[in-house]
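Asks: So here's query_24.cif (mmCIF, C-alpha atoms and all ligand atoms).
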```cif
data_structure
loop_
_atom_site.label_atom_id
_atom_site.label_comp_id
_atom_site.auth_asym_id
_atom_site.auth_seq_id
_atom_site.Cartn_x
_atom_site.Cartn_y
_atom_site.Cartn_z
CA MET V 1 4.15 -53.03 20.56
CA VAL V 2 6.48 -50.45 18.98
CA GLN V 3 5.45 -46.85 19.66
CA ALA V 4 7.38 -44.56 17.34
CA PHE V 5 6.60 -41.41 19.35
CA PRO V 6 4.04 -40.40 22.00
CA ASP V 7 1.20 -39.58 19.55
CA ALA V 8 1.44 -42.89 17.68
CA SER V 9 0.01 -46.00 19.30
CA PRO V 10 1.25 -49.58 18.96
CA THR V 11 -0.62 -51.93 16.64
CA LYS V 12 -1.40 -54.30 19.50
CA TRP V 13 -2.81 -51.43 21.55
CA HIS V 14 -5.16 -50.35 18.71
CA LEU V 15 -6.50 -53.89 18.44
CA ALA V 16 -7.04 -54.21 22.18
CA HIS V 17 -8.47 -50.69 22.50
CA THR V 18 -11.14 -51.18 19.81
CA THR V 19 -12.07 -54.41 21.60
CA TRP V 20 -12.22 -52.56 24.92
CA PHE V 21 -14.55 -50.01 23.29
CA PHE V 22 -17.06 -52.76 22.43
CA GLU V 23 -16.61 -54.41 25.82
CA THR V 24 -17.12 -51.18 27.76
CA PHE V 25 -19.79 -49.40 25.76
CA VAL V 26 -21.80 -52.37 24.44
CA LEU V 27 -21.33 -55.30 26.82
CA GLY V 28 -20.74 -53.18 29.92
CA ALA V 29 -23.85 -51.15 29.21
CA PHE V 30 -26.28 -53.72 27.83
CA ASP V 31 -25.14 -57.31 28.54
CA ARG V 32 -26.38 -58.09 32.06
CA GLY V 33 -24.36 -61.27 32.50
CA HIS V 34 -21.10 -59.70 31.35
CA ARG V 35 -18.00 -59.83 33.57
CA PRO V 36 -14.84 -58.00 32.42
CA PHE V 37 -12.55 -60.25 30.41
CA HIS V 38 -9.63 -59.13 32.60
CA PRO V 39 -9.71 -56.80 35.64
CA GLY V 40 -6.74 -54.78 34.38
CA PHE V 41 -7.64 -54.29 30.75
CA SER V 42 -9.74 -51.17 31.24
CA PHE V 43 -6.66 -49.48 32.77
CA LEU V 44 -4.50 -50.62 29.86
CA PHE V 45 -6.83 -49.93 26.94
CA ASN V 46 -9.00 -46.96 27.92
CA SER V 47 -7.77 -44.19 25.63
CA TYR V 48 -9.06 -40.97 27.16
CA TYR V 49 -12.45 -41.54 28.84
CA GLU V 50 -12.19 -39.86 32.25
CA ALA V 51 -15.66 -41.07 33.19
CA VAL V 52 -14.57 -44.70 32.74
CA GLY V 53 -11.52 -44.42 34.98
CA PRO V 54 -7.72 -44.06 35.13
CA ARG V 55 -5.50 -45.42 32.36
CA VAL V 56 -1.97 -45.92 31.13
CA GLU V 57 -0.48 -42.62 30.01
CA ARG V 58 -0.53 -42.33 26.26
CA PRO V 59 3.26 -42.07 25.76
CA ARG V 60 3.68 -45.35 27.72
CA ARG V 61 1.50 -47.57 25.54
CA GLY V 62 4.63 -48.97 23.93
CA PHE V 63 5.73 -50.51 27.24
CA LEU V 64 2.80 -52.94 27.39
CA SER V 65 4.71 -56.14 26.76
CA ARG V 66 1.76 -58.01 28.27
CA PRO V 67 -0.89 -59.04 27.38
CA SER V 68 0.68 -60.85 24.45
CA HIS V 69 -0.62 -60.53 20.93
CA ALA V 70 -2.25 -63.96 21.30
CA GLU V 71 -4.05 -62.86 24.48
CA VAL V 72 -5.30 -59.72 22.73
CA LEU V 73 -6.66 -61.85 19.90
CA GLU V 74 -8.41 -64.08 22.42
CA TYR V 75 -9.83 -60.98 24.13
CA ARG V 76 -11.17 -59.87 20.78
CA ALA V 77 -12.68 -63.26 19.96
CA ARG V 78 -14.47 -63.44 23.33
CA VAL V 79 -15.87 -59.92 23.07
CA ASP V 80 -16.97 -60.51 19.46
CA GLU V 81 -18.78 -63.63 20.54
CA ARG V 82 -20.67 -61.86 23.34
CA VAL V 83 -21.59 -58.93 21.08
CA GLY V 84 -22.75 -61.39 18.41
CA ARG V 85 -24.97 -63.16 20.92
CA LEU V 86 -26.40 -59.87 22.10
CA LEU V 87 -27.26 -58.92 18.52
CA GLU V 88 -28.96 -62.27 17.95
CA THR V 89 -31.48 -61.42 20.67
CA GLY V 90 -32.92 -58.65 18.45
CA PRO V 91 -31.87 -55.92 20.88
CA PRO V 92 -33.42 -52.45 21.15
CA GLU V 93 -32.33 -49.69 18.81
CA GLU V 94 -29.98 -48.08 21.32
CA VAL V 95 -27.90 -51.28 21.50
CA VAL V 96 -27.67 -51.48 17.72
CA ALA V 97 -26.74 -47.78 17.59
CA ARG V 98 -23.94 -48.41 20.10
CA VAL V 99 -22.57 -51.31 18.03
CA VAL V 100 -22.64 -49.10 14.94
CA LEU V 101 -20.70 -46.44 16.84
CA GLY V 102 -18.18 -49.13 17.81
CA LEU V 103 -17.79 -50.09 14.15
CA HIS V 104 -17.17 -46.51 13.06
CA HIS V 105 -14.73 -46.12 15.95
CA GLU V 106 -12.92 -49.22 14.71
CA GLN V 107 -12.80 -47.83 11.16
CA GLN V 108 -11.04 -44.74 12.51
CA HIS V 109 -8.54 -47.02 14.17
CA GLN V 110 -8.07 -49.03 10.96
CA GLU V 111 -6.60 -45.91 9.40
CA LEU V 112 -4.61 -45.09 12.52
CA LEU V 113 -3.17 -48.62 12.49
CA LEU V 114 -1.64 -47.82 9.11
CA THR V 115 -0.43 -44.31 10.02
CA ASP V 116 1.10 -45.58 13.25
CA ALA V 117 2.61 -48.72 11.68
CA LYS V 118 4.15 -46.45 9.04
CA ALA V 119 5.53 -44.21 11.79
CA ALA V 120 7.04 -47.23 13.54
CA LEU V 121 8.58 -48.67 10.36
CA GLY V 122 9.68 -45.26 9.07
CA THR V 123 11.53 -44.59 12.33
CA ASN V 124 13.60 -47.75 11.83
CA PRO V 125 16.85 -46.87 9.99
CA LEU V 126 16.34 -49.92 7.75
CA ARG V 127 13.04 -48.37 6.53
CA PRO V 128 11.34 -51.76 6.28
CA ALA V 129 8.23 -51.99 4.10
CA TYR V 130 4.83 -52.77 5.58
CA ARG V 131 4.21 -54.73 2.40
CA SER V 132 6.73 -55.05 -0.40
CA GLU V 133 5.54 -54.46 -3.90
CA PRO V 134 7.05 -52.75 -6.94
CA PRO V 135 6.43 -48.98 -7.04
CA PRO V 136 3.90 -47.74 -9.60
CA ALA V 137 5.34 -46.23 -12.79
CA PRO V 138 5.93 -42.46 -12.55
CA SER V 139 3.04 -40.50 -13.95
CA SER V 140 2.12 -36.92 -14.75
CA ALA V 141 -0.52 -34.60 -13.32
CA ALA V 142 -2.64 -32.21 -15.35
CA PRO V 143 -2.39 -28.57 -14.23
CA ALA V 144 -4.89 -27.69 -11.52
CA ARG V 145 -7.96 -25.72 -12.59
CA TRP V 146 -10.13 -23.40 -10.49
CA CYS V 147 -13.70 -24.58 -9.91
CA ALA V 148 -16.09 -21.73 -9.15
CA PHE V 149 -18.77 -21.77 -6.44
CA GLU V 150 -21.45 -19.15 -5.92
CA GLY V 151 -21.53 -19.12 -2.14
CA GLY V 152 -24.48 -17.44 -0.46
CA VAL V 153 -26.35 -18.59 2.61
CA VAL V 154 -25.72 -22.33 2.61
CA GLU V 155 -26.36 -25.19 5.01
CA ILE V 156 -23.71 -27.57 6.29
CA GLY V 157 -23.63 -30.34 8.88
CA VAL V 158 -26.03 -33.14 9.64
CA ALA V 159 -29.50 -32.76 11.10
CA ASP V 160 -29.95 -34.51 14.44
CA ARG V 161 -30.08 -38.20 13.73
CA ALA V 162 -33.25 -38.55 15.79
CA SER V 163 -35.08 -36.19 13.46
CA GLY V 164 -33.05 -36.56 10.27
CA GLY V 165 -32.64 -40.32 9.90
CA ARG V 166 -29.82 -39.93 7.37
CA GLY V 167 -27.68 -42.79 8.62
CA PHE V 168 -24.66 -42.63 10.86
CA ALA V 169 -22.83 -39.41 11.65
CA TYR V 170 -20.72 -38.37 14.64
CA ASP V 171 -22.14 -35.86 17.09
CA ASN V 172 -19.57 -33.25 15.98
CA GLU V 173 -21.24 -33.05 12.52
CA SER V 174 -24.45 -31.69 14.07
CA PRO V 175 -26.51 -29.57 14.16
CA ARG V 176 -27.08 -28.68 10.53
CA HIS V 177 -26.85 -24.92 10.34
CA ARG V 178 -26.57 -21.96 8.00
CA VAL V 179 -23.29 -20.34 6.97
CA LEU V 180 -22.67 -17.28 4.81
CA LEU V 181 -20.08 -17.89 2.06
CA ALA V 182 -18.68 -15.31 -0.33
CA PRO V 183 -18.19 -16.64 -3.88
CA PHE V 184 -15.05 -18.80 -3.93
CA ARG V 185 -12.96 -21.08 -6.09
CA LEU V 186 -11.50 -24.43 -5.24
CA ALA V 187 -8.58 -26.16 -6.96
CA SER V 188 -9.61 -29.09 -9.14
CA ARG V 189 -7.17 -31.44 -7.40
CA PRO V 190 -4.83 -31.57 -4.39
CA VAL V 191 -1.35 -30.02 -4.53
CA THR V 192 1.18 -32.47 -5.96
CA ASN V 193 4.70 -33.42 -4.89
CA GLY V 194 6.06 -31.63 -7.95
CA GLU V 195 4.34 -28.40 -6.97
CA TRP V 196 5.59 -28.85 -3.42
CA ARG V 197 9.17 -29.21 -4.66
CA ALA V 198 8.85 -25.85 -6.41
CA PHE V 199 7.91 -24.36 -3.03
CA MET V 200 10.95 -26.00 -1.44
CA GLU V 201 13.26 -24.89 -4.25
CA ASP V 202 11.98 -21.33 -3.82
CA GLY V 203 13.18 -21.45 -0.22
CA GLY V 204 9.70 -22.14 1.13
CA TYR V 205 10.99 -23.60 4.37
CA ALA V 206 13.50 -20.77 4.87
CA ARG V 207 11.41 -17.64 4.37
CA PRO V 208 9.43 -16.41 7.37
CA ASP V 209 7.14 -14.26 5.20
CA ALA V 210 5.20 -17.37 4.12
CA TRP V 211 4.55 -18.68 7.61
CA LEU V 212 2.23 -18.19 10.52
CA SER V 213 4.27 -17.26 13.59
CA GLU V 214 3.60 -20.58 15.36
CA GLY V 215 4.41 -22.50 12.21
CA TRP V 216 7.71 -20.67 11.75
CA ASP V 217 8.64 -21.50 15.35
CA VAL V 218 8.03 -25.20 14.65
CA VAL V 219 9.97 -25.11 11.35
CA ARG V 220 12.99 -23.79 13.19
CA ALA V 221 12.62 -25.93 16.33
CA ASP V 222 12.07 -29.20 14.44
CA GLY V 223 14.32 -28.37 11.48
CA TRP V 224 11.68 -29.08 8.83
CA THR V 225 12.94 -28.76 5.23
CA ALA V 226 10.49 -31.12 3.46
CA PRO V 227 7.35 -33.18 4.18
CA ARG V 228 7.68 -35.94 6.77
CA TYR V 229 9.24 -39.12 5.35
CA TRP V 230 11.10 -37.29 2.55
CA GLU V 231 14.86 -37.97 2.38
CA GLN V 232 17.54 -36.84 0.02
CA ARG V 233 19.59 -39.67 -1.47
CA ASP V 234 22.33 -38.92 -3.99
CA GLY V 235 20.78 -35.55 -4.74
CA ALA V 236 17.27 -36.89 -5.41
CA TRP V 237 14.22 -36.84 -3.15
CA TRP V 238 12.91 -40.16 -1.91
CA THR V 239 10.00 -40.87 0.38
CA PHE V 240 9.12 -43.67 2.73
CA THR V 241 5.80 -45.33 1.89
CA LEU V 242 4.09 -48.39 3.32
CA GLY V 243 5.72 -50.14 0.34
CA GLY V 244 9.20 -49.00 1.43
CA MET V 245 11.46 -46.23 0.08
CA ARG V 246 10.50 -44.85 -3.34
CA PRO V 247 11.58 -41.87 -5.45
CA VAL V 248 9.15 -38.99 -4.92
CA ASP V 249 6.52 -39.12 -7.71
CA ASP V 250 5.85 -35.53 -8.77
CA ALA V 251 2.30 -36.37 -9.88
CA GLU V 252 1.11 -37.78 -6.56
CA PRO V 253 -0.65 -35.53 -4.06
CA VAL V 254 1.78 -34.27 -1.44
CA CYS V 255 1.25 -36.15 1.82
CA HIS V 256 2.47 -35.82 5.43
CA VAL V 257 2.42 -32.06 5.65
CA SER V 258 1.19 -30.17 8.71
CA HIS V 259 -1.46 -27.48 8.75
CA TYR V 260 1.36 -24.96 9.19
CA GLU V 261 3.04 -26.19 6.01
CA ALA V 262 -0.24 -26.33 4.09
CA ASP V 263 -0.99 -22.75 5.11
CA ALA V 264 2.52 -21.55 4.18
CA TYR V 265 2.35 -23.26 0.81
CA ALA V 266 -1.03 -21.66 0.08
CA ARG V 267 0.28 -18.19 0.96
CA TRP V 268 3.36 -18.73 -1.18
CA ALA V 269 1.12 -19.87 -4.06
CA GLY V 270 -1.03 -16.72 -3.83
CA ALA V 271 -4.00 -18.71 -2.56
CA ARG V 272 -5.40 -19.86 0.77
CA LEU V 273 -6.82 -22.96 2.40
CA PRO V 274 -10.57 -23.56 2.07
CA THR V 275 -12.81 -23.22 5.09
CA GLU V 276 -14.53 -26.42 6.11
CA ALA V 277 -17.87 -24.97 4.99
CA GLU V 278 -16.48 -24.24 1.51
CA TRP V 279 -15.08 -27.76 1.32
CA GLU V 280 -18.36 -29.35 2.40
CA ILE V 281 -20.45 -27.35 -0.08
CA ALA V 282 -18.10 -28.37 -2.89
CA ALA V 283 -18.33 -32.04 -1.91
CA ALA V 284 -21.98 -32.20 -0.88
CA ASP V 285 -23.32 -33.59 -4.16
CA LEU V 286 -20.34 -35.79 -5.05
CA PRO V 287 -20.38 -39.57 -4.61
CA VAL V 288 -18.02 -40.90 -1.95
CA GLU V 289 -15.63 -42.41 -4.45
CA GLY V 290 -11.91 -42.21 -5.01
CA ASN V 291 -8.68 -43.69 -3.80
CA LEU V 292 -10.00 -45.05 -0.52
CA LEU V 293 -9.09 -48.08 1.57
CA ARG V 294 -9.81 -51.28 -0.28
CA LEU V 295 -9.61 -54.30 1.93
CA ASP V 296 -9.15 -56.62 -1.08
CA ALA V 297 -6.17 -54.66 -2.43
CA PRO V 298 -5.05 -51.89 -0.09
CA ARG V 299 -2.90 -49.22 -1.68
CA LEU V 300 0.28 -48.07 -0.07
CA ALA V 301 0.29 -44.37 -1.01
CA PRO V 302 -1.92 -41.65 -2.52
CA ALA V 303 -2.43 -41.84 -6.28
CA PRO V 304 -2.25 -39.19 -9.01
CA SER V 305 -5.65 -37.61 -9.62
CA PRO V 306 -7.74 -39.06 -12.47
CA PRO V 307 -7.92 -37.22 -15.83
CA ASP V 308 -9.62 -33.85 -15.51
CA ASP V 309 -13.04 -33.80 -17.20
CA GLY V 310 -13.54 -30.08 -16.59
CA GLY V 311 -16.37 -30.69 -14.12
CA ALA V 312 -16.46 -30.96 -10.35
CA PRO V 313 -13.26 -30.97 -8.28
CA LEU V 314 -11.42 -34.31 -8.41
CA ALA V 315 -10.26 -36.54 -5.58
CA MET V 316 -12.28 -34.72 -2.94
CA PHE V 317 -12.61 -38.11 -1.23
CA GLY V 318 -9.62 -40.33 -0.64
CA ASP V 319 -5.89 -39.93 -1.34
CA VAL V 320 -5.05 -37.35 1.32
CA TRP V 321 -6.97 -35.62 4.09
CA GLU V 322 -7.21 -31.96 3.14
CA TRP V 323 -6.35 -29.32 5.72
CA THR V 324 -8.89 -26.54 6.00
CA SER V 325 -8.40 -23.15 7.62
CA SER V 326 -11.18 -23.90 10.13
CA PRO V 327 -10.51 -24.41 13.80
CA TYR V 328 -12.21 -27.49 15.19
CA SER V 329 -15.07 -25.84 17.09
CA PRO V 330 -18.59 -26.81 18.06
CA TYR V 331 -21.25 -26.04 15.48
CA PRO V 332 -23.89 -23.55 16.72
CA GLY V 333 -26.14 -25.37 19.17
CA TYR V 334 -23.81 -28.38 19.59
CA ARG V 335 -24.05 -30.22 22.88
CA ALA V 336 -21.87 -33.20 23.68
CA PRO V 337 -23.98 -36.27 24.51
CA ALA V 338 -24.42 -37.13 28.18
CA GLY V 339 -22.18 -39.73 29.82
CA ALA V 340 -18.76 -41.10 28.99
CA LEU V 341 -19.36 -41.15 25.21
CA GLY V 342 -19.80 -37.39 25.32
CA GLU V 343 -16.01 -37.40 25.65
CA TYR V 344 -15.63 -39.00 22.20
CA ASN V 345 -15.46 -35.70 20.28
CA GLY V 346 -16.66 -32.72 22.30
CA LYS V 347 -13.77 -32.28 24.70
CA PHE V 348 -11.24 -31.94 21.87
CA MET V 349 -12.78 -28.81 20.42
CA VAL V 350 -9.87 -26.48 21.12
CA ASN V 351 -6.48 -25.87 19.46
CA GLN V 352 -7.06 -28.33 16.62
CA THR V 353 -7.72 -27.83 12.90
CA VAL V 354 -10.31 -29.55 10.70
CA LEU V 355 -9.35 -31.86 7.83
CA ARG V 356 -11.82 -33.14 5.26
CA GLY V 357 -12.27 -35.88 2.70
CA GLY V 358 -10.39 -38.96 3.91
CA SER V 359 -7.25 -40.61 2.61
CA PHE V 360 -6.21 -43.74 0.72
CA ALA V 361 -6.32 -45.48 4.11
CA THR V 362 -9.89 -44.46 5.04
CA PRO V 363 -12.62 -47.06 4.55
CA ARG V 364 -15.20 -45.82 2.04
CA SER V 365 -18.18 -46.57 4.29
CA HIS V 366 -16.59 -44.41 6.98
CA LEU V 367 -16.78 -41.15 5.02
CA ARG V 368 -19.32 -38.54 4.01
CA ALA V 369 -19.16 -34.87 2.93
CA SER V 370 -19.96 -33.67 6.46
CA TYR V 371 -17.18 -35.74 8.11
CA ARG V 372 -14.88 -33.67 10.32
CA ASN V 373 -11.43 -35.01 11.13
CA PHE V 374 -9.19 -32.92 13.37
CA PHE V 375 -5.58 -32.76 14.46
CA PRO V 376 -3.29 -30.14 16.00
CA SER V 377 -1.75 -27.82 13.41
CA ARG V 378 1.77 -29.20 13.76
CA THR V 379 0.65 -32.82 13.14
CA ARG V 380 2.05 -34.48 10.03
CA TRP V 381 2.25 -38.20 10.60
CA GLN V 382 -1.33 -38.55 9.33
CA PHE V 383 -2.04 -38.89 5.59
CA SER V 384 -2.62 -35.14 5.27
CA GLY V 385 -2.29 -32.93 2.20
CA VAL V 386 -3.47 -29.65 0.68
CA ARG V 387 -6.14 -28.33 -1.67
CA LEU V 388 -6.01 -24.63 -2.48
CA ALA V 389 -8.87 -22.14 -2.49
CA ARG V 390 -9.25 -18.55 -3.57
CA ASP V 391 -11.79 -15.79 -3.27
CA ALA V 392 -13.72 -15.46 -6.53
FE FE V 401 -10.33 -44.85 20.11
#
```
Write out the structure in this file as structure tokens.
Ligand SMILES: [Fe+2]

Replies:
Amino acid sequence: MVQAFPDASPTKWHLAHTTWFFETFVLGAFDRGHRPFHPGFSFLFNSYYEAVGPRVERPRRGFLSRPSHAEVLEYRARVDERVGRLLETGPPEEVVARVVLGLHHEQQHQELLLTDAKAALGTNPLRPAYRSEPPPAPSSAAPARWCAFEGGVVEIGVADRASGGRGFAYDNESPRHRVLLAPFRLASRPVTNGEWRAFMEDGGYARPDAWLSEGWDVVRADGWTAPRYWEQRDGAWWTFTLGGMRPVDDAEPVCHVSHYEADAYARWAGARLPTEAEWEIAAADLPVEGNLLRLDAPRLAPAPSPPDDGGAPLAMFGDVWEWTSSPYSPYPGYRAPAGALGEYNGKFMVNQTVLRGGSFATPRSHLRASYRNFFPSRTRWQFSGVRLARDA
């Protein structure tokens, strides 16, 4: 039930909330005989759906000492059983679609479970590991290369599922629409820890000329001098991973930087962040492969990019979410769906920035080139990193 800070939710809450999502939006909507598992659970485990009713304030989720973990597991088992029975009846397409949405919602929370568990463990002065295992041997990263793209009038986003039939996508990825891109270049791999240290050693966190005004305010207010989880020990940089404290590996993609930091680094490096349209065009024909969440052997940190074959950009999927320069806004013609589920994405389309590509903690079947993640620009407890772009 530990809540490291207001934005991070407790593990137990994530588990109960994803269960509540199925109970509310599948059983509550389609299972006629369903009675709520507990009259108070909707208040406890509703995240932000105003149309469903009042709820525990987000910063107070860590005070929910009851229900116990065992009761939450029982809640989950009961809801799973009812959903399973509903599916056995060969339900209409809208019920199946709602279950699929619940599964994708749960995949989002699978990643958040790891980010928030890391936040909880990393806040503990003992820096306990989520799972102990020996750190990988230090490695080296090939220099980044610029991959050229023609631009032009391109199409991004997903056609309406009703007409497109391309499998699952969130509403915020639609409609598919045209965008004008000038020719651009994209770095062949994400920025590494070693490159980030050069920025730090050049006074990157101490020179206002590199920073957006808001970012500079946050640097000074929060005293940032390095990515989140970095610590200096005996003159060397260490970082907290899910596997515990490790020396910073210069070849790994830098992780746990905010949009403000990503933007400042890019300016310092004589480059810029890609727009989300540039990123999507570069990824559109690539297979969704890379250092993604593997349930059989989950990794504990991003990995150095594979050897450069001189072709398409590497590690577009997996390792670290890549900050773009694009504000999280509705695509032209976007309309949030009717009803409570219209609150899933649409109402967050202000003052947030788009990230693309997934991290080492994102399930592979959760991702696609059109996938839009979003967080406020100062956020850095997510597995977020940087890929540079330049005008051609
Ligand atoms: Fe949720």

Asks: Around ligand FE 401 (chain V), at most 10 Å away and counting only C-alpha atoms and all ligand atoms, which residues are there? Put them as an mmCIF file with C-alpha atoms, in the coordinates of the input, please.

Replies:
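Once everything was written out, this is part.cif:
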```
data_model
loop_
_atom_site.group_PDB
_atom_site.id
_atom_site.type_symbol
_atom_site.label_atom_id
_atom_site.label_comp_id
_atom_site.auth_asym_id
_atom_site.auth_seq_id
_atom_site.Cartn_x
_atom_site.Cartn_y
_atom_site.Cartn_z
ATOM 1 C CA HIS V 14 -5.160 -50.350 18.710
ATOM 2 C CA LEU V 15 -6.500 -53.890 18.440
ATOM 3 C CA HIS V 17 -8.470 -50.690 22.500
ATOM 4 C CA THR V 18 -11.140 -51.180 19.810
ATOM 5 C CA THR V 19 -12.070 -54.410 21.600
ATOM 6 C CA TRP V 20 -12.220 -52.560 24.920
ATOM 7 C CA PHE V 21 -14.550 -50.010 23.290
ATOM 8 C CA PHE V 45 -6.830 -49.930 26.940
ATOM 9 C CA ASN V 46 -9.000 -46.960 27.920
ATOM 10 C CA SER V 47 -7.770 -44.190 25.630
ATOM 11 C CA TYR V 48 -9.060 -40.970 27.160
ATOM 12 C CA TYR V 49 -12.450 -41.540 28.840
ATOM 13 C CA GLY V 102 -18.180 -49.130 17.810
ATOM 14 C CA HIS V 104 -17.170 -46.510 13.060
ATOM 15 C CA HIS V 105 -14.730 -46.120 15.950
ATOM 16 C CA GLU V 106 -12.920 -49.220 14.710
ATOM 17 C CA GLN V 107 -12.800 -47.830 11.160
ATOM 18 C CA GLN V 108 -11.040 -44.740 12.510
ATOM 19 C CA HIS V 109 -8.540 -47.020 14.170
ATOM 20 C CA LEU V 112 -4.610 -45.090 12.520
ATOM 21 C CA TYR V 344 -15.630 -39.000 22.200
#
```

Asks: Quick one: everything within 6 Å of Ala159 of chain V, counting only C-alpha atoms, minus sequence neighbours fewer than 6 positions away in the same chain. Send it as a ChimeraX atom specification.

Replies: /V:174-176

Asks: Would you tabulate, counting all atoms listed in the file, all residues of segment 288-352 of chain V that have an atom at most 9 Å from an atom of segment 184-202 of chain V, showing the closest pair of atoms and their distance in Å to one decimal, sorted by chain then ascending number, as a Markdown table?

Replies:
```
| residue | atom | partner | partner_atom | distance |
| --- | --- | --- | --- | --- |
| V:Pro304 | CA | V:Thr192 | CA | 8.1 |
| V:Ser305 | CA | V:Arg189 | CA | 6.7 |
| V:Asp308 | CA | V:Ser188 | CA | 8.0 |
| V:Gly310 | CA | V:Ser188 | CA | 8.5 |
| V:Gly311 | CA | V:Ser188 | CA | 8.5 |
| V:Ala312 | CA | V:Ser188 | CA | 7.2 |
| V:Pro313 | CA | V:Ser188 | CA | 4.2 |
| V:Leu314 | CA | V:Arg189 | CA | 5.2 |
| V:Ala315 | CA | V:Arg189 | CA | 6.2 |
| V:Met316 | CA | V:Arg189 | CA | 7.5 |
| V:Asp319 | CA | V:Pro190 | CA | 9.0 |
| V:Val320 | CA | V:Pro190 | CA | 8.1 |
| V:Glu322 | CA | V:Pro190 | CA | 7.9 |
```

Asks: Which one of V:Asn345, V:Asn172, V:Asn373, V:Ser359 sits closest to Ala303 of chain V if you count all atoms listed in the file?

Replies: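 Result for the nearest residue to Ala303 of chain V: V:Ser359.
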
Asks: Taking only C-alpha atoms into account, which of V:Ala361, V:Thr275, V:Arg368, V:Val254 comes nearest Val288 of chain V?

Replies: V:Arg368
